[in-house]
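Participant: A single structure is presented below for examination.
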Amino acid sequence: MVNIDKRNSMDIVVVGTGYFTLECCRAILDSGARLTALISMPVDQLPLNSADIKGFAQTHGVSYYEFGDLNSRAAVDVLRHLAPDYILSSWPKILRPEVLKVPRQYVIGSHPTQLPFNRGRHPLHWLIAQGSGQTFLSFFRMDEGVDTGDILLQLPVQIKPRDTINGLANKVNKNAYLGMKKLLKILKKNPPYKGKAQNHSLANYWRKRTPYDVTLDFRMSAQQIARTVRSFSKPYPCANLIYENKVFKILSVQIIRRALPLKEMQRFEPGKIISIKGDRLTVKAADQLVELQMSGLVPSSLKEARYIHPPLKYFNDHFSELSAQLNTVFSQ
């Protein structure tokens with residue numbers, strides 16, 4: 001049990017489901033603020049890559065609650081009873097005004113981009129898929145908009161060309177700890193600190209990714225294929241490779257540089273199968289060869305093939321079967 005002098009401490013309730021949430025909690029405890037309570041979701045409603053929030057709360061003697069809907073009357077009643085100075089939210093759903101009005105000061109939100117740029121859905125996936133070299137972890141004062149509140153603090157996060165989604169998430173989580181410690185120092189000196197307003201005229205919003213955004217097409221460059229695979233690797237469901245009426249999962253990718261003379265490389269059209277060995281499938285992309293690691297041995301149907309066509313061909317022939325497979329896996 002963590003003993004904190006309440007007279008000299010901020011009361012903070014943390015709501016969230018992931019490892020980012022836990023890093024923020026560690027920063028709160030290490031900074032001497034009071035972690036009043038932790039709130040997460042029931043196990044059957046947790047998103048991918050969730051952490052053991054309940055176990056952390058039990059280990060540190062922190063009150064713990066679960067709600068599927070943080071905007072419900074029951075959840076709001078609990079939050080009001082806890083009467084925190086701040087709520088720190090990494091909740092995976094939008095919070096309504098009833099929740100935002102609970103704390104004495106405000107709700108602290110976060111987003112792993114340099115707000116006001118790149119607001120919206122699945123930012124880490126898009127950052128990798130688009131080849132970004134840097135992002136920022138932004139802490140902001142939440143309002144009724146989506147990622148629109150005043151900026152409290154921003155920390156840079158470097159993105160290396162070979163970073164996977166899990167690796168980038170770990171970097172962001174590390175900065176969550178550092179950022180919360182810095183922010184808590186600011187709030188200790190100036191509890192009503194409001195931060196700096198965003199320039200909304202510069203803002204853009206990223207949309208939700210779909211199964212089709214992580215489906216490979218060998219007319220893509222080798223780099224784009226590699227970024228697509230890394231942007232949705234484990235613990236996410238992985239990129240899709242479509243052949244005939246089946247969807248196969250791709251665990252990792254390697255670009256094979258200078259494997260063949262340029263003139264010989266140009267004789268191979270995109271999708272040409274070069275070699276198969278175990279769970280590895282080497283295919284000609286638009287510009288280079290890529291070696292794909294599949295989630296099992298390469299099936300006999302692909303061993304007998306010479307080419308993998310663009311996905312549209314297979315959708316024309318097997319639309320219902322393929323759509324069902326893509327949407328089922330993606331929703332996990």
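All residue names refer to the structure tokens as shown: chains lettered A, B, ... in order, residues numbered from 1 in each chain, ligands numbered from 1 in order.
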Taking 4 positions as the minimum chain separation for residues in the same chain, which residues sit within 8 Å of stretch 101-118 of chain A when counting only C-alpha atoms? Answer as a PDB file with N, CA and C atoms, in the first residue's frame.
Facilitator:
ATOM      1  N   VAL A  76     -20.104   7.365 -13.746  1.00  0.00           N
ATOM      2  CA  VAL A  76     -20.004   8.779 -13.383  1.00  0.00           C
ATOM      3  C   VAL A  76     -20.227   8.969 -11.884  1.00  0.00           C
ATOM      4  N   LEU A  79     -16.986   8.073 -10.163  1.00  0.00           N
ATOM      5  CA  LEU A  79     -15.998   9.119 -10.372  1.00  0.00           C
ATOM      6  C   LEU A  79     -16.289  10.331  -9.482  1.00  0.00           C
ATOM      7  N   ARG A  80     -17.552  10.699  -9.375  1.00  0.00           N
ATOM      8  CA  ARG A  80     -17.909  11.836  -8.518  1.00  0.00           C
ATOM      9  C   ARG A  80     -17.613  11.535  -7.054  1.00  0.00           C
ATOM     10  N   ALA A  83     -13.992  12.024  -6.358  1.00  0.00           N
ATOM     11  CA  ALA A  83     -13.692  13.456  -6.298  1.00  0.00           C
ATOM     12  C   ALA A  83     -12.223  13.775  -6.569  1.00  0.00           C
ATOM     13  N   PRO A  84     -11.693  13.386  -7.712  1.00  0.00           N
ATOM     14  CA  PRO A  84     -10.270  13.623  -7.991  1.00  0.00           C
ATOM     15  C   PRO A  84      -9.991  15.069  -8.406  1.00  0.00           C
ATOM     16  N   ASP A  85      -8.726  15.471  -8.260  1.00  0.00           N
ATOM     17  CA  ASP A  85      -8.290  16.747  -8.820  1.00  0.00           C
ATOM     18  C   ASP A  85      -8.184  16.633 -10.338  1.00  0.00           C
ATOM     19  N   TYR A  86      -7.672  15.477 -10.799  1.00  0.00           N
ATOM     20  CA  TYR A  86      -7.519  15.217 -12.230  1.00  0.00           C
ATOM     21  C   TYR A  86      -7.964  13.787 -12.527  1.00  0.00           C
ATOM     22  N   ILE A  87      -8.444  13.591 -13.735  1.00  0.00           N
ATOM     23  CA  ILE A  87      -8.600  12.249 -14.290  1.00  0.00           C
ATOM     24  C   ILE A  87      -7.596  12.141 -15.434  1.00  0.00           C
ATOM     25  N   LEU A  88      -6.811  11.090 -15.421  1.00  0.00           N
ATOM     26  CA  LEU A  88      -5.889  10.822 -16.527  1.00  0.00           C
ATOM     27  C   LEU A  88      -6.499   9.715 -17.368  1.00  0.00           C
ATOM     28  N   SER A  89      -6.777  10.020 -18.631  1.00  0.00           N
ATOM     29  CA  SER A  89      -7.517   9.083 -19.469  1.00  0.00           C
ATOM     30  C   SER A  89      -6.711   8.594 -20.661  1.00  0.00           C
ATOM     31  N   SER A  90      -6.628   7.266 -20.785  1.00  0.00           N
ATOM     32  CA  SER A  90      -6.232   6.635 -22.046  1.00  0.00           C
ATOM     33  C   SER A  90      -7.349   5.662 -22.427  1.00  0.00           C
ATOM     34  N   PRO A  97     -19.454  14.879 -21.766  1.00  0.00           N
ATOM     35  CA  PRO A  97     -19.278  16.017 -20.855  1.00  0.00           C
ATOM     36  C   PRO A  97     -19.465  15.666 -19.379  1.00  0.00           C
ATOM     37  N   PRO A 123      -3.235   6.177 -34.772  1.00  0.00           N
ATOM     38  CA  PRO A 123      -2.085   6.996 -35.180  1.00  0.00           C
ATOM     39  C   PRO A 123      -0.778   6.219 -35.336  1.00  0.00           C
ATOM     40  N   LEU A 124      -0.487   5.273 -34.442  1.00  0.00           N
ATOM     41  CA  LEU A 124       0.783   4.543 -34.553  1.00  0.00           C
ATOM     42  C   LEU A 124       0.824   3.700 -35.821  1.00  0.00           C
ATOM     43  N   THR A 135       7.539  11.299 -34.297  1.00  0.00           N
ATOM     44  CA  THR A 135       6.239  11.757 -33.845  1.00  0.00           C
ATOM     45  C   THR A 135       6.429  12.397 -32.480  1.00  0.00           C
ATOM     46  N   PHE A 136       5.342  12.776 -31.838  1.00  0.00           N
ATOM     47  CA  PHE A 136       5.390  13.360 -30.500  1.00  0.00           C
ATOM     48  C   PHE A 136       4.300  12.720 -29.655  1.00  0.00           C
ATOM     49  N   LEU A 137       4.558  12.606 -28.382  1.00  0.00           N
ATOM     50  CA  LEU A 137       3.510  12.233 -27.430  1.00  0.00           C
ATOM     51  C   LEU A 137       2.966  13.525 -26.843  1.00  0.00           C
ATOM     52  N   SER A 138       1.702  13.786 -27.101  1.00  0.00           N
ATOM     53  CA  SER A 138       1.054  15.007 -26.636  1.00  0.00           C
ATOM     54  C   SER A 138       0.138  14.707 -25.460  1.00  0.00           C
ATOM     55  N   PHE A 139       0.320  15.434 -24.370  1.00  0.00           N
ATOM     56  CA  PHE A 139      -0.647  15.440 -23.281  1.00  0.00           C
ATOM     57  C   PHE A 139      -1.468  16.718 -23.418  1.00  0.00           C
ATOM     58  N   PHE A 140      -2.777  16.595 -23.268  1.00  0.00           N
ATOM     59  CA  PHE A 140      -3.623  17.764 -23.471  1.00  0.00           C
ATOM     60  C   PHE A 140      -4.805  17.767 -22.500  1.00  0.00           C
ATOM     61  N   ARG A 141      -5.395  18.925 -22.346  1.00  0.00           N
ATOM     62  CA  ARG A 141      -6.563  19.086 -21.488  1.00  0.00           C
ATOM     63  C   ARG A 141      -7.804  18.732 -22.314  1.00  0.00           C
ATOM     64  N   MET A 142      -8.459  17.657 -21.944  1.00  0.00           N
ATOM     65  CA  MET A 142      -9.555  17.147 -22.770  1.00  0.00           C
ATOM     66  C   MET A 142     -10.766  18.070 -22.754  1.00  0.00           C
ATOM     67  N   ASP A 147      -9.324  15.074 -29.649  1.00  0.00           N
ATOM     68  CA  ASP A 147      -7.925  15.497 -29.663  1.00  0.00           C
ATOM     69  C   ASP A 147      -7.772  16.996 -29.906  1.00  0.00           C
ATOM     70  N   THR A 148      -8.722  17.780 -29.414  1.00  0.00           N
ATOM     71  CA  THR A 148      -8.739  19.217 -29.712  1.00  0.00           C
ATOM     72  C   THR A 148      -8.322  20.095 -28.546  1.00  0.00           C
ATOM     73  N   ILE A 151      -2.814  22.047 -25.343  1.00  0.00           N
ATOM     74  CA  ILE A 151      -1.630  21.213 -25.157  1.00  0.00           C
ATOM     75  C   ILE A 151      -0.960  21.535 -23.819  1.00  0.00           C
ATOM     76  N   GLN A 154       4.468  18.178 -24.747  1.00  0.00           N
ATOM     77  CA  GLN A 154       4.753  17.314 -25.893  1.00  0.00           C
ATOM     78  C   GLN A 154       6.193  16.819 -25.812  1.00  0.00           C
ATOM     79  N   VAL A 172       6.565   4.865 -27.071  1.00  0.00           N
ATOM     80  CA  VAL A 172       5.560   5.814 -26.589  1.00  0.00           C
ATOM     81  C   VAL A 172       5.279   5.583 -25.109  1.00  0.00           C
ATOM     82  N   PRO A 191      -1.516  24.089 -10.166  1.00  0.00           N
ATOM     83  CA  PRO A 191      -2.594  23.113 -10.394  1.00  0.00           C
ATOM     84  C   PRO A 191      -3.589  23.466 -11.503  1.00  0.00           C
ATOM     85  N   PRO A 192      -3.953  24.739 -11.684  1.00  0.00           N
ATOM     86  CA  PRO A 192      -4.914  25.027 -12.768  1.00  0.00           C
ATOM     87  C   PRO A 192      -4.255  25.269 -14.133  1.00  0.00           C
ATOM     88  N   GLN A 198      -4.431  24.797 -29.244  1.00  0.00           N
ATOM     89  CA  GLN A 198      -4.017  24.289 -30.550  1.00  0.00           C
ATOM     90  C   GLN A 198      -4.461  25.242 -31.658  1.00  0.00           C
ATOM     91  N   ASN A 199      -3.698  25.229 -32.737  1.00  0.00           N
ATOM     92  CA  ASN A 199      -4.092  25.956 -33.944  1.00  0.00           C
ATOM     93  C   ASN A 199      -4.956  25.021 -34.783  1.00  0.00           C
ATOM     94  N   HIS A 200      -6.252  25.140 -34.633  1.00  0.00           N
ATOM     95  CA  HIS A 200      -7.171  24.188 -35.267  1.00  0.00           C
ATOM     96  C   HIS A 200      -7.145  24.274 -36.798  1.00  0.00           C
ATOM     97  N   LEU A 202      -4.661  24.089 -38.595  1.00  0.00           N
ATOM     98  CA  LEU A 202      -3.616  23.182 -39.090  1.00  0.00           C
ATOM     99  C   LEU A 202      -3.991  21.709 -38.936  1.00  0.00           C
ATOM    100  N   ALA A 203      -5.112  21.448 -38.307  1.00  0.00           N
ATOM    101  CA  ALA A 203      -5.442  20.074 -37.920  1.00  0.00           C
ATOM    102  C   ALA A 203      -5.881  19.217 -39.104  1.00  0.00           C
ATOM    103  N   ASN A 204      -5.550  17.935 -39.009  1.00  0.00           N
ATOM    104  CA  ASN A 204      -6.113  16.917 -39.907  1.00  0.00           C
ATOM    105  C   ASN A 204      -6.491  15.712 -39.062  1.00  0.00           C
ATOM    106  N   TYR A 205      -7.386  14.886 -39.576  1.00  0.00           N
ATOM    107  CA  TYR A 205      -7.848  13.704 -38.849  1.00  0.00           C
ATOM    108  C   TYR A 205      -7.566  12.448 -39.660  1.00  0.00           C
ATOM    109  N   TRP A 206      -6.948  11.472 -39.002  1.00  0.00           N
ATOM    110  CA  TRP A 206      -6.752  10.176 -39.621  1.00  0.00           C
ATOM    111  C   TRP A 206      -7.972   9.299 -39.378  1.00  0.00           C
TER     112      TRP A 206
END
Participant: Please provide as a list in words all residues within 8 Å of stretch 257-265 of chain A, with the sequence filter that same-chain residues fewer than 3 positions apart are discarded (counting only C-alpha atoms).
Facilitator: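 What passes the distance filter is Phe268, Gln288 and Leu289 of chain A.
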Participant: Determine the nearest neighbour of A:Lys174 from the options A:Gly55, A:Pro156, A:Val43, A:Phe232, counting only C-alpha atoms.
Facilitator: A:Pro156
Participant: Please determine, counting only C-alpha atoms, which residue among A:Lys277, A:Lys284, A:His318, A:Lys181 has the shortest atom-to-atom distance to A:Val247.
Facilitator: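 Smallest distance to A:Val247 is found for A:His318.
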Participant: Would you please give, as number ranges by chain, all residues of stretch 50-271 of chain A that DSSP assigns to alpha helix (DSSP H) based on the backbone?
Facilitator: A: 53-59, 73-82, 97-100, 123-129, 165-189, 222-230, 262-265
Participant: To one decimal place in Å, what is the distance between atom CA of A:Phe319 and atom CA of A:Ile250?
Facilitator: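 Interatomic distance, atom CA of A:Phe319 to atom CA of A:Ile250: 20.6 Å.
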Participant: If you measure from atom CA of A:Gly120 to atom CA of A:Leu312, what distance in Å do you get, rounded to one decimal?
Facilitator: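 Computing the Euclidean distance for atom CA of A:Gly120 and atom CA of A:Leu312 yields 28.3 Å.
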Participant: Could you please write out, as a ChimeraX atom specification, every residue of stretch 140-327 of chain A that DSSP assigns to strand (DSSP E)?
Facilitator: /A:140-141,151-158,205-206,239-243,246-256,273-277,280-284,289-294
Participant: Neighbouring residues of A:Ala75 were defined as those with any atom within 10 Å, considering only C-alpha atoms; residues of the same chain fewer than 5 positions away were excluded. Please report them as a compact mmCIF listing (two decimals) with N, CA and C atoms, in the first residue's frame.
Facilitator:
# COMPACT_ATOMS: atom_id res chain seq x y z
N ILE A 39 -9.43 2.55 -13.15
CA ILE A 39 -10.65 2.04 -13.76
C ILE A 39 -10.30 1.45 -15.12
N TYR A 65 -11.91 -0.41 -10.26
CA TYR A 65 -13.29 -0.55 -10.74
C TYR A 65 -13.26 -0.95 -12.21
N GLU A 66 -14.33 -1.60 -12.65
CA GLU A 66 -14.47 -1.96 -14.07
C GLU A 66 -15.81 -1.46 -14.60
N PHE A 67 -15.76 -0.87 -15.79
CA PHE A 67 -16.96 -0.42 -16.48
C PHE A 67 -16.79 -0.65 -17.97
N GLY A 68 -17.80 -1.19 -18.62
CA GLY A 68 -17.77 -1.29 -20.06
C GLY A 68 -18.01 0.06 -20.70
N ASP A 69 -18.78 0.91 -20.01
CA ASP A 69 -19.12 2.24 -20.51
C ASP A 69 -18.79 3.26 -19.43
N LEU A 70 -17.72 4.02 -19.64
CA LEU A 70 -17.31 5.00 -18.65
C LEU A 70 -18.28 6.18 -18.59
N ARG A 80 -17.55 10.70 -9.38
CA ARG A 80 -17.91 11.84 -8.52
C ARG A 80 -17.61 11.53 -7.05
N HIS A 81 -17.86 10.31 -6.66
CA HIS A 81 -17.58 9.92 -5.28
C HIS A 81 -16.08 9.98 -4.99
N VAL A 99 -18.45 13.16 -17.77
CA VAL A 99 -17.18 12.68 -17.23
C VAL A 99 -16.17 13.81 -17.18
Participant: Considering only C-alpha atoms, state which residue in the set A:Ser300, A:Asn173, A:Ser40, A:Ser221 is at the smallest distance from A:Arg26.
Facilitator: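 That would be A:Asn173, the residue with the smallest distance to A:Arg26.
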